[in-house]
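A.B. asks: What follows is the file entry.cif, containing mmCIF, C-alpha atoms and all ligand atoms:
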```cif
data_input
#
loop_
_atom_site.label_atom_id
_atom_site.label_comp_id
_atom_site.auth_asym_id
_atom_site.auth_seq_id
_atom_site.Cartn_x
_atom_site.Cartn_y
_atom_site.Cartn_z
CA MET A 1 -85.82 -66.39 8.61
CA THR A 2 -89.08 -66.35 10.47
CA THR A 3 -89.47 -64.27 13.58
CA ILE A 4 -91.59 -65.90 16.27
CA LEU A 5 -93.90 -63.37 17.87
CA ASP A 6 -93.37 -64.35 21.48
CA GLY A 7 -96.63 -63.54 23.17
CA LYS A 8 -95.51 -65.11 26.40
CA ALA A 9 -92.57 -62.70 26.74
CA SER A 10 -94.51 -59.70 25.51
CA ALA A 11 -97.36 -60.46 27.92
CA LYS A 12 -94.92 -60.78 30.79
CA ALA A 13 -93.54 -57.30 30.14
CA TRP A 14 -97.06 -55.88 29.84
CA ARG A 15 -98.13 -57.51 33.12
CA ALA A 16 -95.10 -55.99 34.84
CA GLU A 17 -96.32 -52.52 33.76
CA THR A 18 -99.78 -53.36 35.09
CA LYS A 19 -98.34 -54.61 38.35
CA THR A 20 -96.63 -51.25 38.90
CA ARG A 21 -99.89 -49.41 38.26
CA VAL A 22 -101.78 -51.73 40.64
CA ALA A 23 -99.20 -51.12 43.39
CA GLN A 24 -99.55 -47.38 42.88
CA LEU A 25 -103.34 -47.60 43.24
CA ALA A 26 -102.88 -49.50 46.52
CA THR A 27 -100.45 -47.05 48.09
CA GLU A 28 -101.95 -43.81 46.82
CA ARG A 29 -105.67 -44.56 46.89
CA GLN A 30 -106.13 -47.86 48.78
CA ILE A 31 -107.86 -49.34 45.71
CA VAL A 32 -107.59 -53.01 44.69
CA PRO A 33 -108.65 -53.44 41.04
CA THR A 34 -111.33 -56.12 40.92
CA LEU A 35 -112.37 -58.30 38.01
CA ALA A 36 -115.54 -60.40 38.10
CA VAL A 37 -115.82 -63.38 35.77
CA VAL A 38 -119.10 -65.12 35.04
CA LEU A 39 -118.67 -68.65 33.68
CA VAL A 40 -121.75 -70.64 32.74
CA GLY A 41 -121.19 -74.28 31.77
CA GLU A 42 -118.03 -76.06 30.74
CA ASP A 43 -116.71 -74.71 27.43
CA PRO A 44 -113.11 -76.05 27.27
CA ALA A 45 -111.53 -72.87 25.77
CA SER A 46 -113.26 -70.81 28.47
CA GLN A 47 -111.92 -73.10 31.17
CA ILE A 48 -108.34 -72.61 29.94
CA TYR A 49 -108.90 -68.87 29.85
CA VAL A 50 -110.46 -68.64 33.31
CA ARG A 51 -107.75 -70.77 34.90
CA ASN A 52 -104.89 -68.70 33.46
CA LYS A 53 -106.68 -65.45 34.10
CA ILE A 54 -107.13 -66.14 37.82
CA LYS A 55 -103.45 -67.07 38.16
CA MET A 56 -102.18 -63.98 36.32
CA ALA A 57 -104.58 -61.60 38.08
CA LYS A 58 -103.23 -62.79 41.40
CA GLN A 59 -99.68 -62.29 40.20
CA VAL A 60 -100.23 -58.59 39.41
CA GLY A 61 -102.40 -57.91 42.48
CA ILE A 62 -105.83 -57.79 40.83
CA LYS A 63 -108.66 -59.37 42.82
CA SER A 64 -110.75 -62.00 41.00
CA ILE A 65 -114.38 -62.73 41.78
CA ASN A 66 -115.58 -65.91 40.14
CA LYS A 67 -119.23 -66.67 39.55
CA THR A 68 -119.60 -70.16 38.18
CA LEU A 69 -122.98 -71.52 37.14
CA PRO A 70 -123.94 -74.97 35.81
CA THR A 71 -124.74 -75.54 32.10
CA THR A 72 -128.41 -75.75 33.11
CA ALA A 73 -128.53 -72.20 34.56
CA THR A 74 -131.44 -70.02 33.48
CA GLN A 75 -131.31 -66.62 31.83
CA GLU A 76 -132.80 -65.06 34.99
CA GLU A 77 -130.03 -66.51 37.15
CA VAL A 78 -127.34 -65.10 34.87
CA LEU A 79 -129.02 -61.69 34.66
CA ALA A 80 -129.37 -61.58 38.45
CA ILE A 81 -125.63 -62.13 38.88
CA VAL A 82 -124.80 -59.46 36.31
CA ALA A 83 -127.11 -57.01 38.11
CA GLU A 84 -125.45 -57.75 41.43
CA LEU A 85 -121.99 -57.13 39.96
CA ASN A 86 -123.16 -53.95 38.21
CA HIS A 87 -124.21 -52.55 41.58
CA ASP A 88 -121.16 -53.63 43.56
CA PRO A 89 -118.93 -50.54 43.92
CA GLU A 90 -115.88 -52.75 44.53
CA VAL A 91 -116.17 -54.41 41.11
CA ASP A 92 -114.30 -52.58 38.35
CA GLY A 93 -114.68 -54.99 35.44
CA ILE A 94 -117.25 -57.65 34.52
CA LEU A 95 -116.56 -60.37 31.99
CA VAL A 96 -119.13 -62.94 30.87
CA GLN A 97 -117.43 -65.93 29.29
CA LEU A 98 -118.68 -66.83 25.82
CA PRO A 99 -120.15 -69.00 24.46
CA LEU A 100 -123.14 -69.20 26.80
CA PRO A 101 -125.32 -72.34 26.82
CA GLU A 102 -128.05 -72.26 24.17
CA GLN A 103 -131.01 -71.59 26.49
CA ILE A 104 -129.45 -68.23 27.36
CA ASN A 105 -129.84 -65.20 25.12
CA GLU A 106 -126.29 -63.94 24.70
CA GLU A 107 -127.32 -60.54 23.39
CA ALA A 108 -129.56 -59.87 26.39
CA VAL A 109 -126.80 -60.78 28.84
CA LEU A 110 -124.15 -58.63 27.13
CA LEU A 111 -126.58 -55.72 26.99
CA ALA A 112 -127.19 -56.06 30.73
CA VAL A 113 -123.52 -55.47 31.63
CA ASP A 114 -122.92 -51.87 32.72
CA PRO A 115 -121.02 -50.38 29.72
CA LYS A 116 -118.67 -48.67 32.18
CA LYS A 117 -117.68 -52.05 33.66
CA ASP A 118 -117.65 -53.87 30.35
CA VAL A 119 -113.98 -54.82 30.46
CA ASP A 120 -114.48 -57.20 27.49
CA GLY A 121 -115.88 -54.44 25.28
CA PHE A 122 -118.80 -56.58 24.12
CA HIS A 123 -121.59 -54.16 25.02
CA PRO A 124 -123.14 -52.64 21.85
CA MET A 125 -122.18 -49.18 23.08
CA ASN A 126 -118.49 -50.09 23.30
CA LEU A 127 -118.55 -51.97 19.99
CA GLY A 128 -120.23 -48.92 18.46
CA LYS A 129 -117.50 -46.65 19.76
CA LEU A 130 -114.87 -48.99 18.36
CA TRP A 131 -116.52 -49.07 14.93
CA GLY A 132 -117.03 -45.33 15.07
CA GLY A 133 -113.26 -45.01 15.27
CA GLN A 134 -113.17 -44.02 18.98
CA PRO A 135 -112.15 -47.24 20.75
CA GLU A 136 -112.57 -47.17 24.52
CA LEU A 137 -113.14 -50.56 26.09
CA VAL A 138 -111.80 -53.02 23.54
CA PRO A 139 -112.13 -56.84 23.48
CA ALA A 140 -108.98 -58.26 25.04
CA THR A 141 -107.89 -60.59 22.24
CA ALA A 142 -108.01 -57.80 19.67
CA ALA A 143 -106.18 -55.39 21.99
CA GLY A 144 -103.58 -58.06 22.74
CA ILE A 145 -102.90 -58.72 19.06
CA MET A 146 -102.41 -55.01 18.30
CA ARG A 147 -100.01 -54.66 21.22
CA LEU A 148 -98.00 -57.71 20.08
CA LEU A 149 -97.61 -56.21 16.59
CA ALA A 150 -96.55 -52.89 18.13
CA ASP A 151 -94.02 -54.60 20.41
CA TYR A 152 -92.35 -56.06 17.30
CA HIS A 153 -92.56 -52.73 15.45
CA ILE A 154 -94.73 -54.26 12.75
CA GLN A 155 -96.33 -51.46 10.79
CA VAL A 156 -100.05 -51.78 10.18
CA GLU A 157 -100.82 -48.59 8.29
CA GLY A 158 -101.60 -49.25 4.63
CA LYS A 159 -101.20 -53.03 4.99
CA ASN A 160 -103.61 -55.55 3.50
CA VAL A 161 -105.06 -57.50 6.41
CA LEU A 162 -107.18 -60.63 6.08
CA ILE A 163 -109.07 -61.71 9.18
CA ILE A 164 -110.59 -65.20 8.89
CA GLY A 165 -113.54 -65.33 11.30
CA ARG A 166 -116.16 -62.71 12.18
CA SER A 167 -117.05 -63.52 15.79
CA LEU A 168 -117.95 -60.92 18.36
CA ILE A 169 -115.00 -62.04 20.49
CA VAL A 170 -112.25 -61.81 17.86
CA GLY A 171 -112.88 -61.09 14.17
CA ARG A 172 -115.22 -58.11 14.34
CA PRO A 173 -113.48 -56.06 17.02
CA LEU A 174 -110.07 -56.81 15.52
CA ALA A 175 -111.26 -55.53 12.15
CA GLY A 176 -112.31 -52.29 13.88
CA LEU A 177 -108.89 -51.86 15.48
CA PHE A 178 -107.00 -52.55 12.24
CA LEU A 179 -109.21 -50.05 10.47
CA ALA A 180 -108.58 -47.47 13.19
CA ALA A 181 -104.86 -48.13 12.62
CA ASP A 182 -105.28 -47.32 8.89
CA ALA A 183 -104.96 -50.86 7.49
CA THR A 184 -107.04 -52.13 4.56
CA VAL A 185 -109.19 -54.83 6.12
CA THR A 186 -110.96 -57.86 4.64
CA ILE A 187 -113.03 -60.26 6.75
CA ALA A 188 -113.57 -63.84 5.56
CA HIS A 189 -116.14 -66.21 7.08
CA SER A 190 -117.86 -69.49 6.31
CA HIS A 191 -119.67 -68.05 3.26
CA THR A 192 -116.55 -66.55 1.72
CA LYS A 193 -115.77 -68.21 -1.61
CA ASN A 194 -112.15 -67.18 -2.15
CA THR A 195 -110.50 -67.22 1.27
CA LEU A 196 -107.37 -68.83 -0.20
CA GLU A 197 -106.91 -66.11 -2.86
CA LEU A 198 -107.61 -63.34 -0.34
CA ALA A 199 -105.05 -64.79 2.05
CA ARG A 200 -102.38 -65.00 -0.64
CA GLN A 201 -102.65 -61.23 -1.17
CA ALA A 202 -102.53 -60.34 2.51
CA ASP A 203 -99.57 -58.80 4.32
CA ILE A 204 -101.12 -59.85 7.64
CA VAL A 205 -103.33 -62.95 8.04
CA VAL A 206 -105.28 -63.54 11.25
CA ALA A 207 -106.84 -66.98 11.76
CA ALA A 208 -109.75 -67.02 14.24
CA ILE A 209 -111.83 -69.93 13.07
CA GLY A 210 -111.62 -72.71 15.62
CA GLN A 211 -110.46 -75.44 13.18
CA ALA A 212 -107.07 -77.02 13.74
CA ASN A 213 -104.55 -76.53 10.90
CA PHE A 214 -107.03 -74.68 8.65
CA VAL A 215 -104.39 -72.28 7.34
CA THR A 216 -101.66 -74.11 5.43
CA ALA A 217 -98.54 -72.75 3.69
CA ASP A 218 -100.60 -72.44 0.48
CA PHE A 219 -102.48 -69.51 2.01
CA ILE A 220 -99.43 -67.45 2.85
CA LYS A 221 -97.53 -64.87 0.83
CA PRO A 222 -93.81 -65.30 1.53
CA GLY A 223 -92.78 -63.01 4.39
CA ALA A 224 -96.33 -62.30 5.57
CA VAL A 225 -97.31 -61.85 9.24
CA VAL A 226 -99.42 -64.74 10.56
CA ILE A 227 -101.46 -64.41 13.74
CA ASP A 228 -103.00 -67.62 15.06
CA VAL A 229 -105.87 -67.11 17.48
CA GLY A 230 -107.15 -70.69 17.44
CA THR A 231 -107.25 -72.66 20.69
CA ASN A 232 -108.15 -76.21 19.71
CA ARG A 233 -107.68 -79.19 22.00
CA ILE A 234 -106.52 -82.25 20.06
CA ASP A 235 -105.65 -85.39 22.05
CA GLY A 236 -104.96 -83.25 25.09
CA HIS A 237 -102.68 -80.86 23.15
CA LEU A 238 -103.41 -77.26 22.36
CA VAL A 239 -103.12 -76.45 18.63
CA GLY A 240 -103.96 -73.35 16.66
CA ASP A 241 -105.84 -72.76 13.39
CA VAL A 242 -102.52 -72.51 11.52
CA GLU A 243 -100.41 -75.49 10.42
CA TYR A 244 -97.39 -74.19 12.27
CA ALA A 245 -94.70 -76.57 10.95
CA THR A 246 -95.21 -75.59 7.29
CA VAL A 247 -96.45 -72.01 7.62
CA SER A 248 -93.52 -71.03 9.83
CA GLN A 249 -91.18 -71.92 6.93
CA LYS A 250 -92.84 -69.34 4.70
CA ALA A 251 -94.07 -66.53 6.95
CA GLY A 252 -91.96 -63.56 8.02
CA PHE A 253 -93.56 -63.46 11.47
CA ILE A 254 -95.76 -66.00 13.24
CA THR A 255 -97.41 -66.49 16.64
CA PRO A 256 -97.06 -69.93 18.24
CA VAL A 257 -99.90 -71.76 20.03
CA PRO A 258 -99.55 -71.89 22.96
CA GLY A 259 -97.49 -68.86 23.85
CA GLY A 260 -98.81 -66.37 21.28
CA VAL A 261 -102.18 -64.64 21.35
CA GLY A 262 -103.49 -66.40 24.50
CA PRO A 263 -101.14 -64.78 27.03
CA MET A 264 -101.60 -61.39 25.29
CA THR A 265 -105.37 -61.70 25.74
CA ILE A 266 -104.94 -62.11 29.46
CA ALA A 267 -102.40 -59.28 29.74
CA ALA A 268 -104.82 -56.99 27.86
CA LEU A 269 -107.65 -57.88 30.18
CA LEU A 270 -105.58 -57.13 33.29
CA SER A 271 -104.39 -53.82 31.84
CA GLN A 272 -107.94 -52.79 30.98
CA THR A 273 -109.23 -53.80 34.43
CA THR A 274 -106.57 -51.51 35.90
CA ASP A 275 -107.65 -48.67 33.57
CA LEU A 276 -111.15 -49.01 35.02
CA ALA A 277 -109.92 -49.03 38.62
CA GLU A 278 -107.92 -45.87 37.92
CA LYS A 279 -111.16 -44.19 36.80
CA ARG A 280 -112.98 -45.00 40.08
N1 LIG A 301 -106.24 -67.11 22.23
C1 LIG A 301 -107.26 -66.35 22.57
O1 LIG A 301 -107.11 -65.39 23.28
C2 LIG A 301 -108.60 -66.67 22.06
C3 LIG A 301 -108.80 -67.81 21.32
N2 LIG A 301 -110.02 -68.09 20.79
C4 LIG A 301 -110.09 -69.26 19.91
O2 LIG A 301 -110.17 -68.79 18.57
C5 LIG A 301 -111.00 -69.66 17.79
C6 LIG A 301 -112.14 -68.85 17.21
O3 LIG A 301 -112.95 -68.41 18.28
P1 LIG A 301 -114.30 -67.57 18.05
O4 LIG A 301 -113.97 -66.39 17.24
O5 LIG A 301 -114.91 -67.42 19.36
O6 LIG A 301 -115.10 -68.69 17.20
P2 LIG A 301 -116.55 -68.72 16.56
O7 LIG A 301 -116.87 -70.14 16.41
O8 LIG A 301 -117.45 -67.79 17.26
O9 LIG A 301 -116.28 -68.10 15.11
C7 LIG A 301 -115.60 -68.77 14.12
C8 LIG A 301 -115.58 -67.94 12.86
O10 LIG A 301 -114.90 -68.67 11.84
C9 LIG A 301 -115.68 -68.65 10.66
N3 LIG A 301 -115.44 -69.85 9.86
C10 LIG A 301 -115.81 -71.12 10.13
N4 LIG A 301 -115.43 -71.93 9.16
C11 LIG A 301 -114.82 -71.16 8.22
C12 LIG A 301 -114.26 -71.42 6.95
N5 LIG A 301 -114.22 -72.65 6.43
N6 LIG A 301 -113.74 -70.40 6.26
C13 LIG A 301 -113.75 -69.14 6.75
N7 LIG A 301 -114.29 -68.83 7.95
C14 LIG A 301 -114.83 -69.84 8.66
C15 LIG A 301 -117.12 -68.57 11.12
O11 LIG A 301 -117.91 -68.06 10.08
P3 LIG A 301 -119.51 -67.77 10.26
O12 LIG A 301 -119.59 -66.48 11.03
O13 LIG A 301 -119.99 -67.65 8.86
O14 LIG A 301 -120.05 -68.94 11.00
C16 LIG A 301 -116.99 -67.64 12.33
O15 LIG A 301 -117.08 -66.29 11.93
C17 LIG A 301 -111.38 -70.78 18.75
O16 LIG A 301 -110.45 -71.83 18.61
C18 LIG A 301 -111.29 -70.14 20.12
O17 LIG A 301 -111.08 -71.08 21.13
C19 LIG A 301 -111.07 -67.26 20.96
C20 LIG A 301 -110.95 -66.12 21.69
C21 LIG A 301 -109.71 -65.75 22.32
N1 LIG A 302 -115.98 -63.24 27.14
C1 LIG A 302 -114.97 -63.96 26.64
N2 LIG A 302 -113.82 -63.34 26.35
C2 LIG A 302 -112.76 -64.06 25.83
O1 LIG A 302 -111.70 -63.48 25.54
C3 LIG A 302 -112.90 -65.49 25.66
C4 LIG A 302 -114.14 -66.06 26.00
N3 LIG A 302 -115.15 -65.27 26.47
N4 LIG A 302 -114.35 -67.39 25.84
C5 LIG A 302 -113.26 -68.29 25.47
C6 LIG A 302 -112.22 -67.63 24.62
C7 LIG A 302 -110.89 -68.35 24.64
N5 LIG A 302 -109.96 -67.43 25.22
C8 LIG A 302 -108.64 -67.75 25.57
C9 LIG A 302 -107.79 -66.83 26.18
C10 LIG A 302 -106.53 -67.17 26.60
C11 LIG A 302 -106.04 -68.44 26.39
C12 LIG A 302 -104.68 -68.78 26.88
O2 LIG A 302 -104.23 -68.34 27.91
N6 LIG A 302 -103.95 -69.60 26.15
C13 LIG A 302 -102.63 -70.08 26.55
C14 LIG A 302 -102.84 -71.54 26.98
C15 LIG A 302 -101.78 -72.10 27.80
C16 LIG A 302 -102.30 -73.41 28.45
O3 LIG A 302 -102.15 -74.48 27.82
O4 LIG A 302 -102.85 -73.32 29.56
C17 LIG A 302 -101.68 -69.97 25.36
O5 LIG A 302 -102.20 -69.90 24.22
O6 LIG A 302 -100.50 -69.90 25.57
C18 LIG A 302 -106.84 -69.38 25.76
C19 LIG A 302 -108.13 -69.02 25.35
C20 LIG A 302 -110.60 -66.27 25.52
N7 LIG A 302 -111.88 -66.29 25.18
#
```
For the structure just supplied, provide its representation as structure tokens.

C.D. replies:
Amino acid sequence: MTTILDGKASAKAWRAETKTRVAQLATERQIVPTLAVVLVGEDPASQIYVRNKIKMAKQVGIKSINKTLPTTATQEEVLAIVAELNHDPEVDGILVQLPLPEQINEEAVLLAVDPKKDVDGFHPMNLGKLWGGQPELVPATAAGIMRLLADYHIQVEGKNVLIIGRSLIVGRPLAGLFLAADATVTIAHSHTKNTLELARQADIVVAAIGQANFVTADFIKPGAVVIDVGTNRIDGHLVGDVEYATVSQKAGFITPVPGGVGPMTIAALLSQTTDLAEKR
């Protein structure tokens, strides 16, 4: 029997906790947690994220500020907006949607975000803290995945974890969190020669690749935990990186897409924005 890791339900419970904290900030300190989102261009996964994020923020009482720029925006324009948000005392968290269009230097933009407002945890200082074993501001997808595992009482300590994908948004920070939680972590990427063999030995497999149905039942040890981060649009449908129909027959636990990691990402972001507002 496979247990479906219901990210939608878990995220709902987490948002309810956040909502209580937001209400407390309003009554006790007249503070409204505020999240600023910078979106440059029209990346489809980013558009899904931004749309859901705005809706959920509203639901818990967090104020959203949206800065949307065309695909043709210059680096100076993006940096000017980041500087403005850094200096705005009402803004608790700043999130720059990735990927950025190619004319913009991603590293320079992420470095420009005030590390104290870096709600996405992408600033080198926050990534350094995470890799140093002292996580503070943690990328939302990674934080959301760890919370989902905890909600289902899935033990991480001593487990063999394979993360497929090494992006700044998902693979790298998640590896840092699993390591901090005492798992044995392997990261596979496009140069890895034996991803299939590595996956077959893993107790927990995380797919963060961006290719529909990449992970098939062949990859999975019976009873393993499968976390599907992929958000691929195929003929107007959202599908993950895992071939759900077959893998769900073999796995012990699996996240669906939609309704798995996505909602947890948003819940994590709202919780972390509230953490920052509490520190004002
Ligand atoms: N649900 C959510 O909350 C979120 C969902 N996503 C989704 O997750 C997916 C991944 O996103 P993101 O991490 O940003 O993607 P990136 O494109 O930045 O990274 C993809 C990673 O997959 C690796 N990869 C590509 N092909 C293979 C292969 N054949 N074997 C092993 N590894 C491979 C790449 O390796 P290399 O480094 O060598 O190129 C890279 O590290 C996307 O579908 C995205 O939309 C992303 C963030 C949050
Ligand atoms: N700086 C930055 N941080 C990110 O975390 C980031 C990013 N940039 N760029 C884009 C990717 C993608 N991403 C998603 C988050 C939630 C859903 C989500 O809510 N998914 C719902 C979709 C439901 C629907 O269909 O609307 C679900 O899976 O159930 C999707 C995608 C975050 N990313």

A.B. asks: Just checking: using only C-alpha atoms and all ligand atoms, which residue out of A:Gly128, A:Pro222, A:Pro173, A:Pro33 ends up closest to ligand LIG 301 (chain A)?

C.D. replies: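 Closest candidate: A:Pro173.
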
A.B. asks: So which one's closest to Ala45 of chain A, A:Gln97, A:Thr27, A:Asn126, A:Gln201? Using only C-alpha atoms, please.

C.D. replies: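 Checking each of A:Gln97, A:Thr27, A:Asn126, A:Gln201 against Ala45 of chain A, counting only C-alpha atoms, the winner is A:Gln97.
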
A.B. asks: Produce a table with one row for each residue of chain A that has an atom at most 8 Å from any atom of ligand LIG 302 (chain A), each row naming the nearest atom pair and its distance in Å at one decimal; use all atoms listed in the file; arrange rows by chain and rising residue number; format as JSON lines.

C.D. replies:
```
{"residue": "A:Gly7", "atom": "CA", "partner": "A:LIG302", "partner_atom": "O6", "distance": 7.8}
{"residue": "A:Lys8", "atom": "CA", "partner": "A:LIG302", "partner_atom": "O6", "distance": 7.0}
{"residue": "A:Asp43", "atom": "CA", "partner": "A:LIG302", "partner_atom": "C5", "distance": 7.5}
{"residue": "A:Pro44", "atom": "CA", "partner": "A:LIG302", "partner_atom": "C5", "distance": 8.0}
{"residue": "A:Ala45", "atom": "CA", "partner": "A:LIG302", "partner_atom": "C7", "distance": 4.7}
{"residue": "A:Ser46", "atom": "CA", "partner": "A:LIG302", "partner_atom": "C5", "distance": 3.9}
{"residue": "A:Gln47", "atom": "CA", "partner": "A:LIG302", "partner_atom": "C5", "distance": 7.6}
{"residue": "A:Ile48", "atom": "CA", "partner": "A:LIG302", "partner_atom": "C18", "distance": 5.5}
{"residue": "A:Tyr49", "atom": "CA", "partner": "A:LIG302", "partner_atom": "C9", "distance": 4.3}
{"residue": "A:Val50", "atom": "CA", "partner": "A:LIG302", "partner_atom": "C9", "distance": 7.8}
{"residue": "A:Arg51", "atom": "CA", "partner": "A:LIG302", "partner_atom": "O4", "distance": 7.7}
{"residue": "A:Asn52", "atom": "CA", "partner": "A:LIG302", "partner_atom": "O2", "distance": 5.6}
{"residue": "A:Lys53", "atom": "CA", "partner": "A:LIG302", "partner_atom": "O2", "distance": 7.3}
{"residue": "A:Leu95", "atom": "CA", "partner": "A:LIG302", "partner_atom": "N1", "distance": 5.7}
{"residue": "A:Val96", "atom": "CA", "partner": "A:LIG302", "partner_atom": "N1", "distance": 4.9}
{"residue": "A:Gln97", "atom": "CA", "partner": "A:LIG302", "partner_atom": "N3", "distance": 3.7}
{"residue": "A:Leu98", "atom": "CA", "partner": "A:LIG302", "partner_atom": "N3", "distance": 3.9}
{"residue": "A:Pro99", "atom": "CA", "partner": "A:LIG302", "partner_atom": "N4", "distance": 6.2}
{"residue": "A:Asp120", "atom": "CA", "partner": "A:LIG302", "partner_atom": "N1", "distance": 6.2}
{"residue": "A:Phe122", "atom": "CA", "partner": "A:LIG302", "partner_atom": "N1", "distance": 7.8}
{"residue": "A:Pro139", "atom": "CA", "partner": "A:LIG302", "partner_atom": "O1", "distance": 7.0}
{"residue": "A:Ala140", "atom": "CA", "partner": "A:LIG302", "partner_atom": "O1", "distance": 5.9}
{"residue": "A:Thr141", "atom": "CA", "partner": "A:LIG302", "partner_atom": "O1", "distance": 5.8}
{"residue": "A:Ile169", "atom": "CA", "partner": "A:LIG302", "partner_atom": "N2", "distance": 6.1}
{"residue": "A:Val170", "atom": "CA", "partner": "A:LIG302", "partner_atom": "O1", "distance": 7.9}
{"residue": "A:Thr231", "atom": "CA", "partner": "A:LIG302", "partner_atom": "C19", "distance": 6.0}
{"residue": "A:His237", "atom": "CA", "partner": "A:LIG302", "partner_atom": "O3", "distance": 7.9}
{"residue": "A:Leu238", "atom": "CA", "partner": "A:LIG302", "partner_atom": "O3", "distance": 6.3}
{"residue": "A:Pro256", "atom": "CA", "partner": "A:LIG302", "partner_atom": "O5", "distance": 7.9}
{"residue": "A:Val257", "atom": "CA", "partner": "A:LIG302", "partner_atom": "O5", "distance": 5.1}
{"residue": "A:Pro258", "atom": "CA", "partner": "A:LIG302", "partner_atom": "O6", "distance": 3.4}
{"residue": "A:Gly259", "atom": "CA", "partner": "A:LIG302", "partner_atom": "O6", "distance": 3.6}
{"residue": "A:Gly260", "atom": "CA", "partner": "A:LIG302", "partner_atom": "O5", "distance": 5.7}
{"residue": "A:Val261", "atom": "CA", "partner": "A:LIG302", "partner_atom": "O5", "distance": 6.0}
{"residue": "A:Gly262", "atom": "CA", "partner": "A:LIG302", "partner_atom": "C12", "distance": 3.6}
{"residue": "A:Pro263", "atom": "CA", "partner": "A:LIG302", "partner_atom": "O2", "distance": 4.8}
{"residue": "A:Met264", "atom": "CA", "partner": "A:LIG302", "partner_atom": "C10", "distance": 7.7}
{"residue": "A:Thr265", "atom": "CA", "partner": "A:LIG302", "partner_atom": "C10", "distance": 5.7}
{"residue": "A:Ile266", "atom": "CA", "partner": "A:LIG302", "partner_atom": "C10", "distance": 6.0}
```

A.B. asks: Write out the residues from the selection above, keeping C-alpha atoms, as a PDB file, in the frame of the given file.

C.D. replies:
```
ATOM      1  CA  GLY A   7     -96.630 -63.540  23.170  1.00  0.00           C
ATOM      2  CA  LYS A   8     -95.510 -65.110  26.400  1.00  0.00           C
ATOM      3  CA  ASP A  43    -116.710 -74.710  27.430  1.00  0.00           C
ATOM      4  CA  PRO A  44    -113.110 -76.050  27.270  1.00  0.00           C
ATOM      5  CA  ALA A  45    -111.530 -72.870  25.770  1.00  0.00           C
ATOM      6  CA  SER A  46    -113.260 -70.810  28.470  1.00  0.00           C
ATOM      7  CA  GLN A  47    -111.920 -73.100  31.170  1.00  0.00           C
ATOM      8  CA  ILE A  48    -108.340 -72.610  29.940  1.00  0.00           C
ATOM      9  CA  TYR A  49    -108.900 -68.870  29.850  1.00  0.00           C
ATOM     10  CA  VAL A  50    -110.460 -68.640  33.310  1.00  0.00           C
ATOM     11  CA  ARG A  51    -107.750 -70.770  34.900  1.00  0.00           C
ATOM     12  CA  ASN A  52    -104.890 -68.700  33.460  1.00  0.00           C
ATOM     13  CA  LYS A  53    -106.680 -65.450  34.100  1.00  0.00           C
ATOM     14  CA  LEU A  95    -116.560 -60.370  31.990  1.00  0.00           C
ATOM     15  CA  VAL A  96    -119.130 -62.940  30.870  1.00  0.00           C
ATOM     16  CA  GLN A  97    -117.430 -65.930  29.290  1.00  0.00           C
ATOM     17  CA  LEU A  98    -118.680 -66.830  25.820  1.00  0.00           C
ATOM     18  CA  PRO A  99    -120.150 -69.000  24.460  1.00  0.00           C
ATOM     19  CA  ASP A 120    -114.480 -57.200  27.490  1.00  0.00           C
ATOM     20  CA  PHE A 122    -118.800 -56.580  24.120  1.00  0.00           C
ATOM     21  CA  PRO A 139    -112.130 -56.840  23.480  1.00  0.00           C
ATOM     22  CA  ALA A 140    -108.980 -58.260  25.040  1.00  0.00           C
ATOM     23  CA  THR A 141    -107.890 -60.590  22.240  1.00  0.00           C
ATOM     24  CA  ILE A 169    -115.000 -62.040  20.490  1.00  0.00           C
ATOM     25  CA  VAL A 170    -112.250 -61.810  17.860  1.00  0.00           C
ATOM     26  CA  THR A 231    -107.250 -72.660  20.690  1.00  0.00           C
ATOM     27  CA  HIS A 237    -102.680 -80.860  23.150  1.00  0.00           C
ATOM     28  CA  LEU A 238    -103.410 -77.260  22.360  1.00  0.00           C
ATOM     29  CA  PRO A 256     -97.060 -69.930  18.240  1.00  0.00           C
ATOM     30  CA  VAL A 257     -99.900 -71.760  20.030  1.00  0.00           C
ATOM     31  CA  PRO A 258     -99.550 -71.890  22.960  1.00  0.00           C
ATOM     32  CA  GLY A 259     -97.490 -68.860  23.850  1.00  0.00           C
ATOM     33  CA  GLY A 260     -98.810 -66.370  21.280  1.00  0.00           C
ATOM     34  CA  VAL A 261    -102.180 -64.640  21.350  1.00  0.00           C
ATOM     35  CA  GLY A 262    -103.490 -66.400  24.500  1.00  0.00           C
ATOM     36  CA  PRO A 263    -101.140 -64.780  27.030  1.00  0.00           C
ATOM     37  CA  MET A 264    -101.600 -61.390  25.290  1.00  0.00           C
ATOM     38  CA  THR A 265    -105.370 -61.700  25.740  1.00  0.00           C
ATOM     39  CA  ILE A 266    -104.940 -62.110  29.460  1.00  0.00           C
TER      40      ILE A 266
END
```

A.B. asks: Around all the atoms of ligand LIG 301 (chain A) listed in the file, draw an axis-aligned box and extend it by 5 Å on each of the six sides; I want its centre and edge lengths in Å to one decimal, as JSON.

C.D. replies:
```
{"center_x": -113.1, "center_y": -69.0, "center_z": 14.8, "size_x": 23.8, "size_y": 17.3, "size_z": 27.0}
```

A.B. asks: Hey, which of A:Asp203, A:Asp228, A:Glu278, A:Glu157 ends up closest to ligand LIG 301 (chain A)? Count all atoms listed in the file.

C.D. replies: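 So, comparing all the options, the nearest one is A:Asp228.
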
A.B. asks: Would you pick out the contacts of Gly93 of chain A at 7 Å or less, using all atoms listed in the file, so that residues sharing its chain but fewer than 5 positions from it are not included, and give the list as a PyMOL selection string?

C.D. replies: chain A and resi 34-36+117-119+273+276

A.B. asks: Emit the selected residues as a compact mmCIF listing (two decimals), in the frame of the given file, including C-alpha atoms.

C.D. replies:
```txt
# COMPACT_ATOMS: atom_id res chain seq x y z
CA THR A 34 -111.33 -56.12 40.92
CA LEU A 35 -112.37 -58.30 38.01
CA ALA A 36 -115.54 -60.40 38.10
CA LYS A 117 -117.68 -52.05 33.66
CA ASP A 118 -117.65 -53.87 30.35
CA VAL A 119 -113.98 -54.82 30.46
CA THR A 273 -109.23 -53.80 34.43
CA LEU A 276 -111.15 -49.01 35.02
```
